[in-house]
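Source file protein_7.cif; content: mmCIF, N, CA and C atoms.
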```
data_query
#
loop_
_atom_site.label_atom_id
_atom_site.label_comp_id
_atom_site.auth_asym_id
_atom_site.auth_seq_id
_atom_site.Cartn_x
_atom_site.Cartn_y
_atom_site.Cartn_z
N MET A 1 0.84 -1.18 0.00
CA MET A 1 0.00 0.00 0.00
C MET A 1 0.89 1.24 0.00
N THR A 2 0.64 2.18 -0.92
CA THR A 2 1.44 3.39 -0.99
C THR A 2 0.66 4.53 -0.38
N HIS A 3 1.37 5.45 0.22
CA HIS A 3 0.76 6.63 0.84
C HIS A 3 1.18 7.87 0.05
N ASP A 4 0.21 8.74 -0.18
CA ASP A 4 0.50 10.00 -0.87
C ASP A 4 0.81 11.05 0.18
N VAL A 5 2.08 11.43 0.29
CA VAL A 5 2.51 12.39 1.29
C VAL A 5 2.82 13.70 0.58
N ARG A 6 2.11 14.78 0.97
CA ARG A 6 2.34 16.10 0.38
C ARG A 6 2.59 17.10 1.50
N ARG A 7 3.41 18.09 1.19
CA ARG A 7 3.62 19.17 2.15
C ARG A 7 2.40 20.06 2.15
N ALA A 8 2.09 20.61 3.29
CA ALA A 8 0.95 21.53 3.40
C ALA A 8 1.20 22.75 2.52
N GLY A 9 0.20 23.09 1.72
CA GLY A 9 0.29 24.27 0.88
C GLY A 9 1.00 24.03 -0.43
N SER A 10 1.42 22.79 -0.73
CA SER A 10 2.09 22.55 -2.00
C SER A 10 1.09 22.56 -3.13
N HIS A 11 1.52 23.04 -4.28
CA HIS A 11 0.65 23.17 -5.45
C HIS A 11 0.93 21.99 -6.37
N VAL A 12 -0.09 21.18 -6.63
CA VAL A 12 0.08 20.04 -7.52
C VAL A 12 -0.95 20.16 -8.62
N ASP A 13 -0.50 20.21 -9.87
CA ASP A 13 -1.39 20.28 -11.01
C ASP A 13 -1.94 18.89 -11.30
N ALA A 14 -3.24 18.79 -11.56
CA ALA A 14 -3.88 17.51 -11.78
C ALA A 14 -3.32 16.82 -13.02
N GLY A 15 -3.06 17.59 -14.08
CA GLY A 15 -2.51 17.00 -15.31
C GLY A 15 -1.11 16.46 -15.10
N ALA A 16 -0.29 17.22 -14.39
CA ALA A 16 1.08 16.78 -14.12
C ALA A 16 1.08 15.56 -13.22
N GLU A 17 0.15 15.52 -12.27
CA GLU A 17 0.06 14.39 -11.35
C GLU A 17 -0.33 13.11 -12.09
N SER A 18 -1.32 13.23 -12.99
CA SER A 18 -1.75 12.05 -13.72
C SER A 18 -0.67 11.58 -14.68
N ALA A 19 0.09 12.53 -15.27
CA ALA A 19 1.18 12.16 -16.17
C ALA A 19 2.28 11.43 -15.39
N ALA A 20 2.57 11.92 -14.19
CA ALA A 20 3.59 11.27 -13.37
C ALA A 20 3.14 9.90 -12.90
N ALA A 21 1.86 9.78 -12.57
CA ALA A 21 1.34 8.51 -12.08
C ALA A 21 1.17 7.52 -13.22
N GLY A 22 0.91 8.03 -14.42
CA GLY A 22 0.67 7.16 -15.57
C GLY A 22 1.97 6.67 -16.15
N GLN A 23 2.05 6.77 -17.47
CA GLN A 23 3.22 6.21 -18.13
C GLN A 23 4.39 7.18 -18.23
N GLY A 24 4.22 8.46 -17.82
CA GLY A 24 5.33 9.40 -17.88
C GLY A 24 5.47 9.96 -19.28
N ALA A 25 6.63 10.51 -19.58
CA ALA A 25 6.87 11.12 -20.88
C ALA A 25 7.03 10.03 -21.93
N LYS A 26 6.47 10.32 -23.13
CA LYS A 26 6.55 9.33 -24.21
C LYS A 26 7.75 9.55 -25.10
N GLY A 27 8.51 10.56 -24.79
CA GLY A 27 9.68 10.83 -25.59
C GLY A 27 10.34 12.12 -25.12
N PRO A 28 11.44 12.48 -25.74
CA PRO A 28 12.17 13.67 -25.30
C PRO A 28 11.35 14.96 -25.48
N ASP A 29 10.56 15.04 -26.54
CA ASP A 29 9.75 16.26 -26.73
C ASP A 29 8.69 16.39 -25.64
N GLU A 30 8.06 15.29 -25.30
CA GLU A 30 7.05 15.30 -24.24
C GLU A 30 7.69 15.64 -22.91
N LEU A 31 8.86 15.12 -22.66
CA LEU A 31 9.58 15.41 -21.41
C LEU A 31 9.94 16.89 -21.35
N ARG A 32 10.41 17.47 -22.45
CA ARG A 32 10.73 18.90 -22.48
C ARG A 32 9.47 19.74 -22.20
N ARG A 33 8.36 19.34 -22.78
CA ARG A 33 7.11 20.05 -22.57
C ARG A 33 6.70 20.00 -21.10
N GLN A 34 6.83 18.85 -20.48
CA GLN A 34 6.48 18.70 -19.07
C GLN A 34 7.42 19.54 -18.19
N ILE A 35 8.69 19.55 -18.54
CA ILE A 35 9.65 20.34 -17.77
C ILE A 35 9.31 21.82 -17.89
N GLU A 36 9.01 22.28 -19.11
CA GLU A 36 8.66 23.69 -19.32
C GLU A 36 7.39 24.06 -18.55
N GLN A 37 6.41 23.16 -18.56
CA GLN A 37 5.16 23.41 -17.82
C GLN A 37 5.43 23.49 -16.32
N THR A 38 6.27 22.61 -15.83
CA THR A 38 6.61 22.61 -14.40
C THR A 38 7.35 23.89 -14.03
N ARG A 39 8.26 24.34 -14.89
CA ARG A 39 8.97 25.60 -14.63
C ARG A 39 7.99 26.78 -14.58
N HIS A 40 7.06 26.78 -15.50
CA HIS A 40 6.06 27.86 -15.54
C HIS A 40 5.23 27.86 -14.25
N GLU A 41 4.77 26.69 -13.83
CA GLU A 41 3.98 26.58 -12.59
C GLU A 41 4.80 26.99 -11.38
N LEU A 42 6.06 26.61 -11.35
CA LEU A 42 6.93 26.97 -10.24
C LEU A 42 7.14 28.49 -10.22
N GLY A 43 7.33 29.08 -11.40
CA GLY A 43 7.48 30.54 -11.47
C GLY A 43 6.23 31.25 -10.96
N ASP A 44 5.05 30.75 -11.34
CA ASP A 44 3.79 31.35 -10.85
C ASP A 44 3.68 31.24 -9.34
N THR A 45 4.06 30.09 -8.81
CA THR A 45 3.98 29.87 -7.36
C THR A 45 4.93 30.80 -6.62
N VAL A 46 6.16 30.94 -7.12
CA VAL A 46 7.14 31.83 -6.48
C VAL A 46 6.65 33.27 -6.54
N GLU A 47 6.10 33.68 -7.69
CA GLU A 47 5.58 35.04 -7.84
C GLU A 47 4.42 35.29 -6.87
N GLU A 48 3.55 34.32 -6.71
CA GLU A 48 2.42 34.45 -5.78
C GLU A 48 2.91 34.57 -4.34
N LEU A 49 3.88 33.75 -3.98
CA LEU A 49 4.44 33.82 -2.62
C LEU A 49 5.15 35.14 -2.38
N ALA A 50 5.88 35.63 -3.37
CA ALA A 50 6.57 36.91 -3.22
C ALA A 50 5.55 38.04 -3.04
N GLY A 51 4.43 37.97 -3.75
CA GLY A 51 3.38 38.96 -3.59
C GLY A 51 2.80 38.94 -2.20
N LYS A 52 2.64 37.76 -1.64
CA LYS A 52 2.09 37.66 -0.28
C LYS A 52 3.08 38.17 0.77
N MET A 53 4.35 38.11 0.47
CA MET A 53 5.36 38.56 1.42
C MET A 53 5.58 40.07 1.34
N ASP A 54 5.11 40.73 0.29
CA ASP A 54 5.29 42.17 0.11
C ASP A 54 4.21 42.91 0.90
N VAL A 55 4.44 43.05 2.19
CA VAL A 55 3.46 43.66 3.08
C VAL A 55 3.25 45.14 2.74
N LYS A 56 4.33 45.85 2.46
CA LYS A 56 4.21 47.27 2.12
C LYS A 56 3.40 47.46 0.85
N GLY A 57 3.67 46.65 -0.14
CA GLY A 57 2.94 46.75 -1.40
C GLY A 57 1.46 46.45 -1.23
N ARG A 58 1.16 45.43 -0.43
CA ARG A 58 -0.24 45.09 -0.17
C ARG A 58 -0.92 46.21 0.61
N ALA A 59 -0.21 46.81 1.56
CA ALA A 59 -0.78 47.91 2.35
C ALA A 59 -1.04 49.12 1.46
N ARG A 60 -0.10 49.41 0.54
CA ARG A 60 -0.30 50.53 -0.40
C ARG A 60 -1.52 50.28 -1.29
N ALA A 61 -1.63 49.06 -1.78
CA ALA A 61 -2.76 48.72 -2.65
C ALA A 61 -4.07 48.86 -1.89
N ARG A 62 -4.09 48.41 -0.65
CA ARG A 62 -5.30 48.53 0.17
C ARG A 62 -5.63 50.00 0.45
N ALA A 63 -4.62 50.80 0.74
CA ALA A 63 -4.83 52.22 0.99
C ALA A 63 -5.36 52.91 -0.26
N ASP A 64 -4.80 52.57 -1.43
CA ASP A 64 -5.29 53.14 -2.69
C ASP A 64 -6.74 52.76 -2.92
N ASP A 65 -7.09 51.51 -2.64
CA ASP A 65 -8.47 51.06 -2.80
C ASP A 65 -9.41 51.83 -1.88
N LEU A 66 -9.02 52.00 -0.62
CA LEU A 66 -9.85 52.73 0.33
C LEU A 66 -9.97 54.20 -0.07
N ARG A 67 -8.87 54.79 -0.57
CA ARG A 67 -8.90 56.18 -1.02
C ARG A 67 -9.88 56.34 -2.19
N ASP A 68 -9.85 55.39 -3.12
CA ASP A 68 -10.77 55.44 -4.26
C ASP A 68 -12.22 55.32 -3.79
N ARG A 69 -12.46 54.42 -2.85
CA ARG A 69 -13.82 54.25 -2.31
C ARG A 69 -14.30 55.52 -1.62
N ALA A 70 -13.41 56.14 -0.84
CA ALA A 70 -13.78 57.37 -0.13
C ALA A 70 -14.09 58.48 -1.12
N GLY A 71 -13.31 58.58 -2.18
CA GLY A 71 -13.57 59.58 -3.21
C GLY A 71 -14.92 59.36 -3.87
N ALA A 72 -15.24 58.10 -4.17
CA ALA A 72 -16.53 57.78 -4.79
C ALA A 72 -17.68 58.11 -3.84
N MET A 73 -17.49 57.82 -2.56
CA MET A 73 -18.54 58.12 -1.58
C MET A 73 -18.72 59.63 -1.43
N THR A 74 -17.63 60.39 -1.51
CA THR A 74 -17.72 61.85 -1.42
C THR A 74 -18.53 62.40 -2.59
N VAL A 75 -18.26 61.91 -3.78
CA VAL A 75 -19.00 62.35 -4.96
C VAL A 75 -20.48 62.00 -4.80
N GLN A 76 -20.75 60.81 -4.31
CA GLN A 76 -22.14 60.38 -4.14
C GLN A 76 -22.85 61.24 -3.09
N MET A 77 -22.17 61.54 -1.99
CA MET A 77 -22.78 62.36 -0.94
C MET A 77 -23.04 63.78 -1.44
N ARG A 78 -22.10 64.35 -2.21
CA ARG A 78 -22.31 65.69 -2.75
C ARG A 78 -23.49 65.71 -3.71
N SER A 79 -23.60 64.67 -4.51
CA SER A 79 -24.72 64.58 -5.45
C SER A 79 -26.05 64.48 -4.70
N SER A 80 -26.07 63.68 -3.64
CA SER A 80 -27.29 63.53 -2.83
C SER A 80 -27.65 64.84 -2.14
N ALA A 81 -26.64 65.54 -1.63
CA ALA A 81 -26.89 66.82 -0.96
C ALA A 81 -27.42 67.86 -1.96
N ALA A 82 -26.86 67.87 -3.16
CA ALA A 82 -27.33 68.80 -4.18
C ALA A 82 -28.78 68.50 -4.56
N HIS A 83 -29.08 67.22 -4.69
CA HIS A 83 -30.45 66.82 -5.02
C HIS A 83 -31.41 67.21 -3.89
N ALA A 84 -31.00 67.00 -2.67
CA ALA A 84 -31.84 67.38 -1.53
C ALA A 84 -32.06 68.88 -1.50
N GLY A 85 -31.03 69.65 -1.83
CA GLY A 85 -31.17 71.11 -1.88
C GLY A 85 -32.15 71.54 -2.96
N GLU A 86 -32.13 70.86 -4.10
CA GLU A 86 -33.07 71.18 -5.17
C GLU A 86 -34.50 70.88 -4.75
N VAL A 87 -34.70 69.74 -4.12
CA VAL A 87 -36.03 69.36 -3.66
C VAL A 87 -36.50 70.34 -2.59
N GLY A 88 -35.60 70.72 -1.68
CA GLY A 88 -35.95 71.67 -0.63
C GLY A 88 -36.32 73.03 -1.21
N ALA A 89 -35.61 73.46 -2.24
CA ALA A 89 -35.90 74.75 -2.86
C ALA A 89 -37.27 74.73 -3.53
N ARG A 90 -37.63 73.62 -4.14
CA ARG A 90 -38.94 73.51 -4.78
C ARG A 90 -40.06 73.49 -3.75
N GLN A 91 -39.80 72.89 -2.60
CA GLN A 91 -40.85 72.76 -1.58
C GLN A 91 -40.85 73.94 -0.61
N ARG A 92 -39.85 74.80 -0.65
CA ARG A 92 -39.74 75.90 0.28
C ARG A 92 -40.89 76.90 0.11
N LYS A 93 -41.25 77.21 -1.13
CA LYS A 93 -42.30 78.20 -1.38
C LYS A 93 -43.64 77.75 -0.80
N PRO A 94 -44.10 76.52 -1.05
CA PRO A 94 -45.37 76.11 -0.44
C PRO A 94 -45.32 76.09 1.09
N ILE A 95 -44.18 75.73 1.65
CA ILE A 95 -44.05 75.70 3.10
C ILE A 95 -44.12 77.12 3.66
N LEU A 96 -43.45 78.05 3.00
CA LEU A 96 -43.50 79.45 3.45
C LEU A 96 -44.91 80.01 3.34
N MET A 97 -45.61 79.64 2.26
CA MET A 97 -46.99 80.11 2.09
C MET A 97 -47.88 79.54 3.20
N ALA A 98 -47.71 78.27 3.52
CA ALA A 98 -48.50 77.66 4.58
C ALA A 98 -48.19 78.32 5.93
N ALA A 99 -46.93 78.62 6.17
CA ALA A 99 -46.55 79.29 7.42
C ALA A 99 -47.17 80.68 7.49
N ALA A 100 -47.21 81.38 6.36
CA ALA A 100 -47.83 82.71 6.33
C ALA A 100 -49.32 82.63 6.62
N VAL A 101 -49.99 81.61 6.06
CA VAL A 101 -51.42 81.42 6.30
C VAL A 101 -51.66 81.15 7.78
N VAL A 102 -50.86 80.26 8.37
CA VAL A 102 -51.00 79.93 9.79
C VAL A 102 -50.78 81.19 10.63
N ALA A 103 -49.75 81.98 10.29
CA ALA A 103 -49.48 83.20 11.04
C ALA A 103 -50.65 84.18 10.91
N ALA A 104 -51.24 84.28 9.73
CA ALA A 104 -52.38 85.17 9.53
C ALA A 104 -53.59 84.72 10.34
N VAL A 105 -53.82 83.42 10.38
CA VAL A 105 -54.94 82.89 11.16
C VAL A 105 -54.72 83.15 12.64
N VAL A 106 -53.51 82.94 13.12
CA VAL A 106 -53.22 83.19 14.53
C VAL A 106 -53.38 84.67 14.84
N ALA A 107 -52.89 85.53 13.97
CA ALA A 107 -53.02 86.98 14.19
C ALA A 107 -54.50 87.39 14.17
N ALA A 108 -55.25 86.84 13.24
CA ALA A 108 -56.69 87.15 13.16
C ALA A 108 -57.40 86.67 14.42
N GLY A 109 -57.01 85.51 14.89
CA GLY A 109 -57.61 85.00 16.12
C GLY A 109 -57.31 85.91 17.30
N GLY A 110 -56.09 86.43 17.38
CA GLY A 110 -55.74 87.36 18.45
C GLY A 110 -56.52 88.65 18.36
N VAL A 111 -56.72 89.15 17.15
CA VAL A 111 -57.49 90.38 16.96
C VAL A 111 -58.94 90.15 17.36
N MET A 112 -59.47 89.02 16.98
CA MET A 112 -60.88 88.71 17.30
C MET A 112 -61.07 88.59 18.81
N ARG A 113 -60.10 88.00 19.50
CA ARG A 113 -60.21 87.88 20.95
C ARG A 113 -60.21 89.26 21.60
N ARG A 114 -59.37 90.13 21.14
CA ARG A 114 -59.30 91.47 21.69
C ARG A 114 -60.63 92.22 21.46
N GLN A 115 -61.22 92.02 20.31
CA GLN A 115 -62.48 92.70 20.01
C GLN A 115 -63.61 92.17 20.88
N HIS A 116 -63.60 90.90 21.20
CA HIS A 116 -64.63 90.32 22.04
C HIS A 116 -64.48 90.76 23.50
N ARG A 117 -63.28 91.04 23.94
CA ARG A 117 -63.02 91.47 25.33
C ARG A 117 -63.51 92.92 25.51
N CYS A 118 -63.43 93.68 24.52
CA CYS A 118 -63.79 95.10 24.65
C CYS A 118 -65.26 95.31 24.63
#
```
Using structure tokens, write down the structure that the file contains.
Amino acid sequence: MTHDVRRAGSHVDAGAESAAAGQGAKGPDELRRQIEQTRHELGDTVEELAGKMDVKGRARARADDLRDRAGAMTVQMRSSAAHAGEVGARQRKPILMAAAVVAAVVAAGGVMRRQHRC
């Protein structure tokens, strides 16, 4: 019975694994192709690991992302505030008219009370 022992986090390509488990390379050209594919995969893995180790670079990228989000939110908030100001300006005249009517009614009521007291 054979045991498949792998290191934690190791990257194993399914095609390469089946080729290794199967009959292997069928000739020198196939072997060269497999070697080139393995080199490419190893290069990708090393590049990925180097990216994970670049803490400053990742922090800069995160800060840039947050800065972009904050800028977008600022634009959105300014647009919302401008829209609210437009709506308020349109509704201001009816509200002022209603307030004037209420003030006139209150003033008329005060005048009427004074006339009834006299």
Problem set entry | Point-to-point distance in Å for atom N of Glu47 of chain A and atom C of Asp29 of chain A | 25.1 Å
Seminar exercise, completed: atom C of Gly27 of chain A sits from atom N of Glu41 of chain A at a separation of 19.3 Å
Exercise. How many Å separate atom C of Glu86 of chain A from atom N of Ala70 of chain A?
Worked result: 26.0 Å
